[in-house]
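One file, entry_30.csv, is given below (CSV, C-alpha atoms (C1' of nucleotides)).
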```csv
chain,number,residue,atom,x,y,z
A,7,MET,CA,113.4,100.2,114.8
A,8,ALA,CA,111.6,99.9,118.1
A,9,ASN,CA,113.3,103.1,119.2
A,10,GLN,CA,111.3,105.6,117.3
A,11,LYS,CA,110.7,109.2,118.4
A,12,TRP,CA,107.0,109.5,119.1
A,13,LEU,CA,105.0,112.5,117.9
A,14,ASN,CA,104.9,115.4,120.2
A,15,SER,CA,101.6,117.1,120.9
A,16,ALA,CA,101.8,119.6,118.0
A,17,GLU,CA,102.9,117.0,115.6
A,18,MET,CA,100.1,114.7,116.7
A,19,LYS,CA,97.6,117.4,116.3
A,20,ALA,CA,98.8,118.1,112.8
A,21,TRP,CA,98.8,114.5,111.8
A,22,ARG,CA,95.4,113.6,113.4
A,23,GLY,CA,93.8,116.7,112.0
A,24,PHE,CA,95.0,115.9,108.6
A,25,VAL,CA,94.0,112.3,108.6
A,26,SER,CA,90.6,112.6,110.2
A,27,THR,CA,89.6,115.9,108.5
A,28,SER,CA,90.8,115.5,104.9
A,29,TYR,CA,88.5,112.7,104.1
A,30,ASP,CA,85.4,114.5,105.4
A,31,LEU,CA,86.4,117.7,103.7
A,32,LEU,CA,86.9,116.3,100.3
A,33,ASN,CA,83.7,114.3,100.7
A,34,LEU,CA,81.6,117.3,101.6
A,35,ILE,CA,82.9,119.3,98.7
A,36,ALA,CA,82.1,116.5,96.4
A,37,ARG,CA,78.6,116.3,97.9
A,38,ASP,CA,78.1,120.0,97.3
A,39,LEU,CA,78.2,119.2,93.6
A,40,GLU,CA,75.5,116.6,93.6
A,41,PRO,CA,72.5,119.1,93.4
A,42,PHE,CA,74.0,120.1,90.1
A,43,GLY,CA,73.8,116.6,88.8
A,44,ILE,CA,77.4,115.6,88.8
A,45,ASP,CA,79.7,113.7,91.2
A,46,GLY,CA,83.1,114.6,92.3
A,47,GLY,CA,84.9,112.2,89.9
A,48,ASP,CA,83.2,113.5,86.8
A,49,TYR,CA,83.7,117.1,88.0
A,50,GLN,CA,87.5,116.5,88.3
A,51,LEU,CA,87.5,115.0,84.9
A,52,LEU,CA,85.8,117.9,83.2
A,53,ALA,CA,87.9,120.4,85.2
A,54,MET,CA,91.2,118.8,84.1
A,55,LEU,CA,90.1,118.9,80.5
A,56,SER,CA,88.9,122.5,80.7
A,57,GLU,CA,92.4,123.5,81.8
A,58,ALA,CA,94.2,121.5,79.2
A,59,PRO,CA,95.5,122.9,75.9
A,60,ASN,CA,92.6,122.7,73.3
A,61,GLN,CA,90.5,121.1,76.1
A,62,LYS,CA,91.9,117.7,75.3
A,63,LEU,CA,94.2,115.2,76.9
A,64,LYS,CA,95.5,111.7,76.1
A,65,MET,CA,93.6,109.1,78.0
A,66,CYS,CA,96.7,107.9,79.9
A,67,ASP,CA,97.7,111.4,80.9
A,68,LEU,CA,94.2,112.1,82.1
A,69,ALA,CA,94.1,108.9,84.1
A,70,GLU,CA,97.3,109.8,85.8
A,71,LYS,CA,96.1,113.3,86.7
A,72,LEU,CA,92.9,111.9,88.1
A,73,ARG,CA,94.7,109.2,90.1
A,74,LEU,CA,92.7,106.5,88.2
A,75,SER,CA,93.9,103.4,86.6
A,76,ARG,CA,93.6,103.2,82.8
A,77,SER,CA,90.7,100.8,83.1
A,78,GLY,CA,89.1,103.0,85.7
A,79,LEU,CA,89.1,106.0,83.4
A,80,THR,CA,87.7,103.9,80.5
A,81,ARG,CA,84.7,103.2,82.7
A,82,ARG,CA,84.3,106.7,84.0
A,83,MET,CA,84.4,108.1,80.5
A,84,GLU,CA,81.2,106.1,79.7
A,85,GLY,CA,79.2,108.5,81.8
A,86,VAL,CA,80.5,111.8,80.6
A,87,MET,CA,80.4,110.6,77.0
A,88,LYS,CA,76.9,109.5,77.3
A,89,ALA,CA,76.1,113.0,78.7
A,90,LYS,CA,77.9,114.4,75.6
A,91,TYR,CA,80.2,116.4,77.9
A,92,VAL,CA,83.3,114.7,76.5
A,93,SER,CA,84.1,113.0,73.2
A,94,GLN,CA,87.0,110.8,72.0
A,95,ILE,CA,89.3,111.7,69.2
A,96,ARG,CA,91.9,109.3,67.7
A,97,ASP,CA,95.4,110.7,67.3
A,98,GLU,CA,96.4,110.8,63.7
A,99,ASP,CA,100.1,110.5,64.4
A,100,ASP,CA,100.0,107.6,66.9
A,101,GLY,CA,97.3,105.0,66.3
A,102,ARG,CA,97.4,103.8,69.9
A,103,VAL,CA,96.4,107.2,71.4
A,104,ILE,CA,92.9,108.5,72.0
A,105,PHE,CA,92.3,112.0,73.2
A,106,ALA,CA,89.5,112.8,75.7
A,107,HIS,CA,88.0,116.1,74.4
A,108,LEU,CA,85.7,118.5,76.3
A,109,THR,CA,82.7,119.3,74.1
A,110,LYS,CA,81.0,122.7,73.9
A,111,LYS,CA,78.2,121.3,76.0
A,112,GLY,CA,80.8,120.1,78.6
A,113,TYR,CA,82.5,123.4,78.6
A,114,ASP,CA,79.3,125.3,79.1
A,115,PHE,CA,78.3,122.9,81.9
A,116,ILE,CA,81.4,123.2,83.9
A,117,LYS,CA,81.5,127.0,83.4
A,118,THR,CA,78.1,127.1,85.1
A,119,ILE,CA,79.0,124.9,88.0
A,120,ALA,CA,82.5,126.2,88.7
A,121,PRO,CA,81.3,129.2,90.7
A,122,HIS,CA,79.3,127.0,93.0
A,123,HIS,CA,82.3,124.7,93.5
A,124,LEU,CA,84.5,127.7,94.2
A,125,LYS,CA,82.0,128.9,96.8
A,126,SER,CA,82.1,125.4,98.4
A,127,VAL,CA,85.9,125.4,98.5
A,128,ARG,CA,85.9,128.8,100.1
A,129,ASN,CA,83.2,128.1,102.7
A,130,ARG,CA,84.6,124.8,103.8
A,131,MET,CA,88.3,125.5,103.7
A,132,ILE,CA,89.9,128.6,102.3
A,133,ASP,CA,87.9,131.3,104.0
A,134,LEU,CA,88.3,129.5,107.4
A,135,LEU,CA,92.1,129.8,107.3
A,136,SER,CA,94.3,132.8,108.2
A,137,PRO,CA,96.8,134.1,105.6
A,138,ALA,CA,99.6,132.5,107.6
A,139,GLU,CA,97.8,129.1,107.5
A,140,ILE,CA,97.1,129.5,103.8
A,141,LYS,CA,100.8,130.1,103.2
A,142,ALA,CA,101.8,127.1,105.4
A,143,PHE,CA,99.4,124.8,103.7
A,144,GLY,CA,100.9,125.8,100.3
A,145,SER,CA,104.5,125.4,101.3
A,146,GLY,CA,103.8,122.3,103.4
A,147,PHE,CA,102.0,120.3,100.8
A,148,GLU,CA,104.5,121.4,98.3
A,149,LYS,CA,107.3,119.7,100.3
A,150,ILE,CA,105.2,116.6,100.9
A,151,ALA,CA,104.4,116.4,97.2
A,152,LYS,CA,108.0,116.6,96.2
A,153,ASN,CA,108.8,113.7,98.6
A,154,VAL,CA,105.8,111.7,97.4
A,155,ASN,CA,106.7,112.1,93.8
A,156,SER,CA,110.3,111.1,94.4
A,157,SER,CA,108.9,107.8,95.8
A,158,ASP,CA,107.6,106.9,92.3
B,11,MET,CA,76.3,133.6,92.2
B,12,ALA,CA,78.3,134.1,89.1
B,13,ASN,CA,80.2,136.9,90.8
B,14,GLN,CA,82.5,134.9,93.0
B,15,LYS,CA,85.9,136.0,94.2
B,16,TRP,CA,88.3,133.7,92.6
B,17,LEU,CA,91.3,132.2,94.5
B,18,ASN,CA,94.4,134.3,94.6
B,19,SER,CA,97.7,132.5,94.0
B,20,ALA,CA,98.5,131.7,97.6
B,21,GLU,CA,94.9,130.3,98.1
B,22,MET,CA,95.2,128.4,94.9
B,23,LYS,CA,98.4,126.8,95.9
B,24,ALA,CA,97.0,125.8,99.3
B,25,TRP,CA,93.9,124.3,97.7
B,26,ARG,CA,95.6,122.5,94.8
B,27,GLY,CA,98.4,121.3,97.1
B,28,PHE,CA,95.9,119.8,99.5
B,29,VAL,CA,93.7,118.2,96.9
B,30,SER,CA,96.4,116.7,94.7
B,31,THR,CA,98.7,115.6,97.6
B,32,SER,CA,96.5,114.3,100.3
B,33,TYR,CA,95.3,111.4,98.3
B,34,ASP,CA,98.8,110.4,97.3
B,35,LEU,CA,100.1,110.8,100.8
B,36,LEU,CA,97.5,108.7,102.5
B,37,ASN,CA,97.9,106.1,99.8
B,38,LEU,CA,101.6,105.9,100.3
B,39,ILE,CA,101.4,105.6,104.0
B,40,ALA,CA,98.8,102.8,103.6
B,41,ARG,CA,101.1,101.0,101.2
B,42,ASP,CA,104.0,101.2,103.6
B,43,LEU,CA,102.0,98.9,105.8
B,44,GLU,CA,101.5,96.2,103.2
B,45,PRO,CA,104.9,94.5,103.8
B,46,PHE,CA,103.6,93.8,107.3
B,47,GLY,CA,100.6,91.9,105.9
B,48,ILE,CA,97.9,94.5,106.7
B,49,ASP,CA,96.1,97.1,104.7
B,50,GLY,CA,95.3,100.7,105.7
B,51,GLY,CA,91.7,100.0,106.6
B,52,ASP,CA,92.5,97.1,108.9
B,53,TYR,CA,95.3,99.1,110.5
B,54,GLN,CA,93.0,102.0,111.3
B,55,LEU,CA,90.5,99.6,112.8
B,56,LEU,CA,93.1,97.9,115.1
B,57,ALA,CA,94.5,101.4,116.0
B,58,MET,CA,91.1,102.7,117.0
B,59,LEU,CA,90.4,99.7,119.2
B,60,SER,CA,93.9,99.8,120.8
B,61,GLU,CA,93.2,103.4,122.0
B,62,ALA,CA,89.7,102.7,123.2
B,63,PRO,CA,88.9,101.9,126.9
B,64,ASN,CA,89.3,98.2,127.5
B,65,GLN,CA,90.3,97.9,123.8
B,66,LYS,CA,86.7,97.6,122.8
B,67,LEU,CA,84.1,99.8,121.0
B,68,LYS,CA,80.5,99.4,120.0
B,69,MET,CA,80.3,98.4,116.3
B,70,CYS,CA,78.3,101.6,115.4
B,71,ASP,CA,80.8,103.9,117.2
B,72,LEU,CA,83.7,102.1,115.5
B,73,ALA,CA,82.0,102.5,112.1
B,74,GLU,CA,81.7,106.2,112.7
B,75,LYS,CA,85.3,106.7,113.7
B,76,LEU,CA,86.4,104.8,110.7
B,77,ARG,CA,84.1,106.7,108.3
B,78,LEU,CA,82.5,103.4,107.3
B,79,SER,CA,78.8,102.6,107.0
B,80,ARG,CA,77.6,99.9,109.4
B,81,SER,CA,77.5,97.4,106.6
B,82,GLY,CA,81.0,98.3,105.5
B,83,LEU,CA,82.2,97.6,109.0
B,84,THR,CA,80.4,94.3,109.2
B,85,ARG,CA,82.3,93.2,106.1
B,86,ARG,CA,85.7,94.6,107.2
B,87,MET,CA,85.4,92.8,110.6
B,88,GLU,CA,85.3,89.5,108.7
B,89,GLY,CA,89.0,89.8,107.9
B,90,VAL,CA,90.3,90.9,111.3
B,91,MET,CA,88.2,88.3,113.1
B,92,LYS,CA,89.4,85.5,110.8
B,93,ALA,CA,93.0,86.6,111.7
B,94,LYS,CA,92.0,86.5,115.4
B,95,TYR,CA,93.0,90.1,115.9
B,96,VAL,CA,89.5,91.1,116.9
B,97,SER,CA,86.6,89.3,118.6
B,98,GLN,CA,83.0,90.3,119.1
B,99,ILE,CA,81.3,90.5,122.5
B,100,ARG,CA,77.5,90.9,123.0
B,101,ASP,CA,76.6,93.6,125.4
B,102,GLU,CA,74.8,92.1,128.4
B,103,ASP,CA,72.8,95.3,129.1
B,104,ASP,CA,71.6,96.0,125.6
B,105,GLY,CA,70.9,93.0,123.4
B,106,ARG,CA,71.3,95.0,120.2
B,107,VAL,CA,74.8,96.0,120.9
B,108,ILE,CA,78.0,94.1,119.9
B,109,PHE,CA,81.4,95.2,120.9
B,110,ALA,CA,84.4,94.8,118.7
B,111,HIS,CA,87.3,93.8,121.0
B,112,LEU,CA,91.0,93.8,120.3
B,113,THR,CA,92.5,90.4,121.2
B,114,LYS,CA,95.9,89.8,122.8
B,115,LYS,CA,97.1,88.7,119.4
B,116,GLY,CA,95.7,91.9,117.8
B,117,TYR,CA,97.3,94.0,120.5
B,118,ASP,CA,100.7,92.4,120.1
B,119,PHE,CA,100.4,92.7,116.3
B,120,ILE,CA,99.7,96.4,116.2
B,121,LYS,CA,102.3,97.1,118.9
B,122,THR,CA,104.8,95.5,116.6
B,123,ILE,CA,103.8,97.5,113.5
B,124,ALA,CA,103.1,100.9,115.1
B,125,PRO,CA,106.8,101.9,115.1
B,126,HIS,CA,107.0,101.3,111.3
B,127,HIS,CA,103.9,103.2,110.8
B,128,LEU,CA,105.2,106.1,112.9
B,129,LYS,CA,108.4,106.1,110.8
B,130,SER,CA,106.3,106.3,107.7
B,131,VAL,CA,104.3,109.2,108.9
B,132,ARG,CA,107.4,111.0,110.0
B,133,ASN,CA,109.3,110.4,106.7
B,134,ARG,CA,106.4,111.2,104.4
B,135,MET,CA,104.9,114.2,106.3
B,136,ILE,CA,105.9,115.3,109.7
B,137,ASP,CA,109.6,115.6,109.4
B,138,LEU,CA,109.3,117.5,106.2
B,139,LEU,CA,107.5,120.4,107.8
B,140,SER,CA,108.8,123.3,109.8
B,141,PRO,CA,107.5,123.9,113.3
B,142,ALA,CA,105.5,126.8,112.0
B,143,GLU,CA,103.9,124.6,109.3
B,144,ILE,CA,103.2,121.9,111.9
B,145,LYS,CA,101.4,124.5,114.0
B,146,ALA,CA,99.5,125.8,111.0
B,147,PHE,CA,98.4,122.3,109.9
B,148,GLY,CA,97.1,121.7,113.4
B,149,SER,CA,95.2,124.9,113.8
B,150,GLY,CA,94.0,124.9,110.2
B,151,PHE,CA,92.5,121.4,110.2
B,152,GLU,CA,91.0,122.1,113.6
B,153,LYS,CA,89.0,125.0,112.1
B,154,ILE,CA,88.1,123.0,109.1
B,155,ALA,CA,87.0,120.1,111.2
B,156,LYS,CA,84.7,122.3,113.4
B,157,ASN,CA,83.1,123.6,110.3
B,158,VAL,CA,82.7,120.1,108.7
B,159,ASN,CA,81.2,118.7,111.8
B,160,SER,CA,78.7,121.5,112.1
B,161,SER,CA,77.4,120.5,108.6
B,162,ASP,CA,76.2,117.2,110.1
C,18,DT,C1',50.3,95.7,128.6
C,19,DA,C1',50.8,96.7,124.0
C,20,DC,C1',51.8,99.0,120.1
C,21,DA,C1',54.7,102.6,117.6
C,22,DA,C1',59.0,104.5,116.9
C,23,DC,C1',63.7,104.1,117.2
C,24,DT,C1',68.4,101.9,117.3
C,25,DA,C1',72.1,98.1,116.2
C,26,DG,C1',73.7,94.9,113.2
C,27,DT,C1',73.4,91.9,108.9
C,28,DT,C1',72.3,90.7,104.1
C,29,DG,C1',71.2,91.6,99.0
C,30,DC,C1',72.7,94.3,95.6
C,31,DG,C1',74.8,97.5,92.5
C,32,DA,C1',78.5,101.2,91.7
C,33,DG,C1',83.4,102.3,91.2
C,34,DC,C1',87.8,100.9,91.3
C,35,DA,C1',92.4,98.1,90.5
C,36,DC,C1',94.8,94.2,88.6
C,37,DA,C1',95.7,90.9,85.0
C,38,DA,C1',95.1,89.5,80.5
C,39,DC,C1',94.2,90.9,75.9
C,40,DT,C1',94.4,93.6,71.3
C,41,DA,C1',96.5,97.0,68.5
C,42,DT,C1',100.1,100.0,67.4
C,43,DA,C1',104.8,101.9,67.8
C,44,DT,C1',109.8,101.6,68.7
C,45,DC,C1',114.2,99.5,68.9
C,46,DA,C1',118.0,96.2,67.9
C,47,DT,C1',120.2,93.5,64.7
D,8,DA,C1',113.1,94.0,57.1
D,9,DT,C1',111.8,91.5,61.3
D,10,DG,C1',111.2,89.9,65.7
D,11,DA,C1',111.5,91.5,70.7
D,12,DT,C1',109.9,95.0,73.7
D,13,DA,C1',107.2,98.7,75.1
D,14,DT,C1',103.0,101.6,75.2
D,15,DA,C1',97.7,102.9,74.8
D,16,DG,C1',93.4,101.4,75.6
D,17,DT,C1',89.6,97.8,76.6
D,18,DT,C1',87.6,93.8,78.8
D,19,DG,C1',87.0,90.1,82.5
D,20,DT,C1',87.1,89.5,87.3
D,21,DG,C1',87.1,90.3,92.1
D,22,DC,C1',87.2,93.5,96.1
D,23,DT,C1',85.3,97.2,99.0
D,24,DC,C1',82.0,100.1,99.9
D,25,DG,C1',77.2,102.5,100.5
D,26,DC,C1',72.2,102.1,100.2
D,27,DA,C1',68.0,99.8,101.0
D,28,DA,C1',65.6,96.2,103.1
D,29,DC,C1',65.4,93.2,106.8
D,30,DT,C1',65.7,91.1,111.8
D,31,DA,C1',66.1,91.7,116.5
D,32,DG,C1',66.0,94.3,120.6
D,33,DT,C1',64.9,98.8,123.2
D,34,DT,C1',62.3,102.9,124.5
D,35,DG,C1',58.3,105.7,124.8
D,36,DT,C1',53.3,106.4,125.2
D,37,DA,C1',48.9,105.5,126.4
```
Could you render the structure from this file as structure tokens?
Amino acid sequence: MANQKWLNSAEMKAWRGFVSTSYDLLNLIARDLEPFGIDGGDYQLLAMLSEAPNQKLKMCDLAEKLRLSRSGLTRRMEGVMKAKYVSQIRDEDDGRVIFAHLTKKGYDFIKTIAPHHLKSVRNRMIDLLSPAEIKAFGSGFEKIAKNVNSSD
Amino acid sequence: MANQKWLNSAEMKAWRGFVSTSYDLLNLIARDLEPFGIDGGDYQLLAMLSEAPNQKLKMCDLAEKLRLSRSGLTRRMEGVMKAKYVSQIRDEDDGRVIFAHLTKKGYDFIKTIAPHHLKSVRNRMIDLLSPAEIKAFGSGFEKIAKNVNSSD
DNA sequence: TACAACTAGTTGCGAGCACAACTATATCAT
DNA sequence: ATGATATAGTTGTGCTCGCAACTAGTTGTA
């Protein structure tokens, strides 16, 4: 175990770049949303719902997509429900289940903000990369994700 | 502003892959450290000090490297100081400054753990990527970092 | 020298999160 | 049917963090 192959300089650059930059990048993109009166967590929540069939998801599925615990989502829902962006609907077939549902107001809201978010993602990441880098990010993260998800 | 160019499929794959995978990856690598009795935050702290000249850094510089607020670092120091991995040393020249200093015990500790961490980084990321992907991650994050840092 | 402005670090406090315990409902085995 | 087990969601609690306010020490200006 003490006899590990250390990272060569290209590997080190990739690892260090990823670790030290990804936090800052995600943070900046989240901050770009604040002038529009929403934080990154709420934006992700509305975005997930807007892409879901009928703009609704079971609470537990939504929590998993957002990388939140079930309790974490319960609390985060308080804000977006108070703002009337999301409502809750009991499932008629399974009494345990509650759907989070994007309201018309929530839909209109995220439609308005999405172009700004898109611009932020372009300016801070996508438009800085060459086509080859874009492709490598896509294939690289795909491999990493496969491995991550097989680790349960 | 409503007339933004949407992401094409390669761009979308790169962005989505990055967003949804980077959190999980960093999380898993941090969890790999837990069997050794340390969390990701403390590991990063010890690692930064181990690479610094004389194994010491001013508190404010260390906070910046760790992406912590000054108060956040003050609190995190409590744990590693209690474990005797780090000590604090007042600067003789500037009475405001305190150095965080890696102790012998802290140095030995991180030396022991580093190979396991390295193995984790290899297994979960580096060894999954082709040389071309490694290179693209390195150059890509370098460009992103330059842009991020120019945004103050 | 003396006073203002700045910098380093700590403390009070509140936000956001996970974990454990709990309630309610559903499913499965006999 | 019925009792054990599993699943969905909420509530209580504690941890980590950032922000604002504070203390202490330094630097700049006159």
Given identical sequences, can you show me chain B least-squares superposed on chain A via all its Cα atoms in order, as a short mmCIF file (atom, residue, chain, number, x, y, z; two decimals) with C-alpha atoms, in the coordinates of the input?
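Dumped everything to superposed06.cif:
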```cif
data_model
loop_
_atom_site.label_atom_id
_atom_site.label_comp_id
_atom_site.auth_asym_id
_atom_site.auth_seq_id
_atom_site.Cartn_x
_atom_site.Cartn_y
_atom_site.Cartn_z
CA MET B 11 113.34 100.14 114.90
CA ALA B 12 111.48 99.89 118.12
CA ASN B 13 113.18 103.05 119.33
CA GLN B 14 111.23 105.63 117.41
CA LYS B 15 110.65 109.19 118.48
CA TRP B 16 107.02 109.46 119.09
CA LEU B 17 104.96 112.51 117.94
CA ASN B 18 104.89 115.43 120.29
CA SER B 19 101.52 117.10 120.82
CA ALA B 20 101.81 119.70 118.10
CA GLU B 21 102.90 116.94 115.57
CA MET B 22 100.12 114.75 116.77
CA LYS B 23 97.54 117.38 116.27
CA ALA B 24 98.81 118.14 112.76
CA TRP B 25 98.78 114.46 111.83
CA ARG B 26 95.42 113.53 113.39
CA GLY B 27 93.84 116.75 112.07
CA PHE B 28 94.96 115.95 108.56
CA VAL B 29 93.99 112.32 108.60
CA SER B 30 90.58 112.64 110.22
CA THR B 31 89.57 115.87 108.36
CA SER B 32 90.79 115.53 104.86
CA TYR B 33 88.52 112.69 104.06
CA ASP B 34 85.49 114.48 105.44
CA LEU B 35 86.37 117.69 103.70
CA LEU B 36 86.83 116.24 100.27
CA ASN B 37 83.66 114.26 100.73
CA LEU B 38 81.68 117.30 101.61
CA ILE B 39 82.93 119.33 98.76
CA ALA B 40 82.09 116.43 96.38
CA ARG B 41 78.59 116.26 97.81
CA ASP B 42 78.05 119.96 97.31
CA LEU B 43 78.22 119.22 93.63
CA GLU B 44 75.50 116.59 93.63
CA PRO B 45 72.59 119.10 93.42
CA PHE B 46 74.06 120.08 90.06
CA GLY B 47 73.75 116.50 88.78
CA ILE B 48 77.47 115.59 88.81
CA ASP B 49 79.67 113.66 91.14
CA GLY B 50 83.19 114.55 92.34
CA GLY B 51 84.95 112.21 89.96
CA ASP B 52 83.18 113.50 86.87
CA TYR B 53 83.75 117.08 87.99
CA GLN B 54 87.48 116.55 88.35
CA LEU B 55 87.59 114.98 84.92
CA LEU B 56 85.74 117.92 83.22
CA ALA B 57 87.95 120.39 85.23
CA MET B 58 91.15 118.76 84.08
CA LEU B 59 90.08 118.83 80.44
CA SER B 60 88.84 122.46 80.67
CA GLU B 61 92.38 123.56 81.76
CA ALA B 62 94.20 121.47 79.21
CA PRO B 63 95.40 122.92 75.82
CA ASN B 64 92.61 122.68 73.29
CA GLN B 65 90.48 121.10 76.08
CA LYS B 66 91.84 117.71 75.28
CA LEU B 67 94.25 115.20 76.93
CA LYS B 68 95.54 111.77 76.06
CA MET B 69 93.53 109.12 77.98
CA CYS B 70 96.70 107.86 79.83
CA ASP B 71 97.73 111.41 80.88
CA LEU B 72 94.17 112.12 82.05
CA ALA B 73 94.15 108.86 84.05
CA GLU B 74 97.32 109.92 85.78
CA LYS B 75 96.10 113.36 86.70
CA LEU B 76 92.97 111.90 88.06
CA ARG B 77 94.76 109.17 90.06
CA LEU B 78 92.78 106.54 88.16
CA SER B 79 94.08 103.37 86.52
CA ARG B 80 93.59 103.26 82.75
CA SER B 81 90.73 100.86 83.16
CA GLY B 82 89.09 103.05 85.76
CA LEU B 83 89.20 105.92 83.32
CA THR B 84 87.77 103.87 80.51
CA ARG B 85 84.76 103.14 82.71
CA ARG B 86 84.37 106.72 84.04
CA MET B 87 84.43 108.12 80.44
CA GLU B 88 81.30 106.07 79.73
CA GLY B 89 79.22 108.45 81.84
CA VAL B 90 80.59 111.77 80.59
CA MET B 91 80.44 110.64 76.97
CA LYS B 92 76.83 109.45 77.32
CA ALA B 93 76.03 112.98 78.68
CA LYS B 94 77.87 114.46 75.66
CA TYR B 95 80.22 116.41 77.87
CA VAL B 96 83.24 114.62 76.49
CA SER B 97 84.10 113.02 73.13
CA GLN B 98 86.99 110.86 72.07
CA ILE B 99 89.32 111.70 69.18
CA ARG B 100 91.88 109.24 67.67
CA ASP B 101 95.29 110.68 67.30
CA GLU B 102 96.24 110.78 63.62
CA ASP B 103 100.00 110.49 64.34
CA ASP B 104 99.89 107.63 66.79
CA GLY B 105 97.20 105.02 66.25
CA ARG B 106 97.31 103.87 69.86
CA VAL B 107 96.42 107.18 71.27
CA ILE B 108 92.87 108.52 71.99
CA PHE B 109 92.22 111.96 73.20
CA ALA B 110 89.47 112.79 75.61
CA HIS B 111 87.99 116.13 74.44
CA LEU B 112 85.72 118.49 76.30
CA THR B 113 82.67 119.33 74.14
CA LYS B 114 80.96 122.72 73.90
CA LYS B 115 78.22 121.28 76.06
CA GLY B 116 80.80 120.04 78.62
CA TYR B 117 82.51 123.41 78.59
CA ASP B 118 79.31 125.34 79.14
CA PHE B 119 78.29 122.87 81.89
CA ILE B 120 81.42 123.20 83.96
CA LYS B 121 81.53 126.97 83.44
CA THR B 122 78.12 127.06 85.00
CA ILE B 123 79.02 124.92 88.03
CA ALA B 124 82.56 126.20 88.72
CA PRO B 125 81.30 129.24 90.69
CA HIS B 126 79.33 126.93 93.07
CA HIS B 127 82.27 124.76 93.44
CA LEU B 128 84.52 127.73 94.21
CA LYS B 129 82.00 128.87 96.86
CA SER B 130 82.15 125.45 98.39
CA VAL B 131 85.87 125.39 98.58
CA ARG B 132 85.94 128.84 100.04
CA ASN B 133 83.24 128.12 102.69
CA ARG B 134 84.57 124.73 103.73
CA MET B 135 88.35 125.49 103.67
CA ILE B 136 89.89 128.59 102.32
CA ASP B 137 87.99 131.27 104.07
CA LEU B 138 88.40 129.57 107.37
CA LEU B 139 92.16 129.90 107.35
CA SER B 140 94.37 132.81 108.19
CA PRO B 141 96.82 134.11 105.62
CA ALA B 142 99.62 132.53 107.57
CA GLU B 143 97.83 129.14 107.53
CA ILE B 144 97.14 129.52 103.80
CA LYS B 145 100.85 130.09 103.25
CA ALA B 146 101.76 127.15 105.46
CA PHE B 147 99.32 124.79 103.69
CA GLY B 148 100.87 125.79 100.39
CA SER B 149 104.46 125.39 101.36
CA GLY B 150 103.78 122.29 103.45
CA PHE B 151 101.96 120.30 100.76
CA GLU B 152 104.56 121.41 98.25
CA LYS B 153 107.28 119.70 100.34
CA ILE B 154 105.16 116.70 100.90
CA ALA B 155 104.35 116.44 97.25
CA LYS B 156 108.07 116.58 96.20
CA ASN B 157 108.78 113.81 98.58
CA VAL B 158 105.77 111.67 97.43
CA ASN B 159 106.67 112.08 93.85
CA SER B 160 110.25 111.07 94.42
CA SER B 161 108.92 107.71 95.80
CA ASP B 162 107.64 106.91 92.29
#
```
Discussion item. For A:Asp30, find every residue with an atom within 12 Å (counting all atoms listed in the file), except residues of its own chain fewer than 6 positions away, and show them as a count of residues only.
Written reply: 21
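For chain B, the residues within 9 Å of chain C are Met69, Cys70, Arg80, Ser81, Thr84, Gly105, Arg106, Val107 and Ile108 of chain B, with all atoms listed in the file used to measure distance.
The interatomic distance for the pair atom CA of B:Lys145 and atom CA of A:Lys125 works out to 26.3 Å.
Atom pair atom CA of B:Leu138 / atom CA of A:Gly146 has a distance of 7.8 Å (rounded to one decimal).
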Item to complete: Would you work out the distance separating atom CA of B:Leu43 from atom CA of B:His127, expressed in Å to one decimal?
Response: 6.9 Å
Discussion item. Can you work out which residues from chain D touch chain B at a cut-off of 10 Å (counting only C-alpha atoms (C1' of nucleotides)) and hand them back as a list in words?
Written reply: DT23, DC24, DG25, DC26, DA31, DG32 and DT33 of chain D
Discussion item. Just want the 8 Å neighbourhood of A:Val86, counted on all atoms listed in the file, with same-chain residues fewer than 5 positions away dropped. Output as a list in words.
Written reply: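 Here the qualifying residues turn out to be Asp48, Tyr91 and Val92 of chain A.
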Worksheet entry | Neighbour list for A:Ala58 as a PyMOL selection string, cut-off 10 Å, all atoms listed in the file, skip fewer than 4 positions in-chain | chain A and resi 52-54+62-63+68+107-108
Practice prompt. Have a look at A:Lys19, A:Lys64, A:His122, A:Lys149 and name the one nearest to A:Ala106; count all atoms listed in the file.
Written response: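 Under the stated criterion, the closest residue is A:Lys64.
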Fill in: Distance criterion (all atoms listed in the file): nearest to chain A out of B:Pro125, B:Leu55, B:Asp137, B:Ile39
B:Pro125
Worksheet item: Do you know which residues are at most 9 Å from A:Lys90 counting only C-alpha atoms (C1' of nucleotides), after dropping those on the same chain fewer than 5 positions away, and could you put them as number ranges by chain?
Response: A: 85, 108-109, 111-112
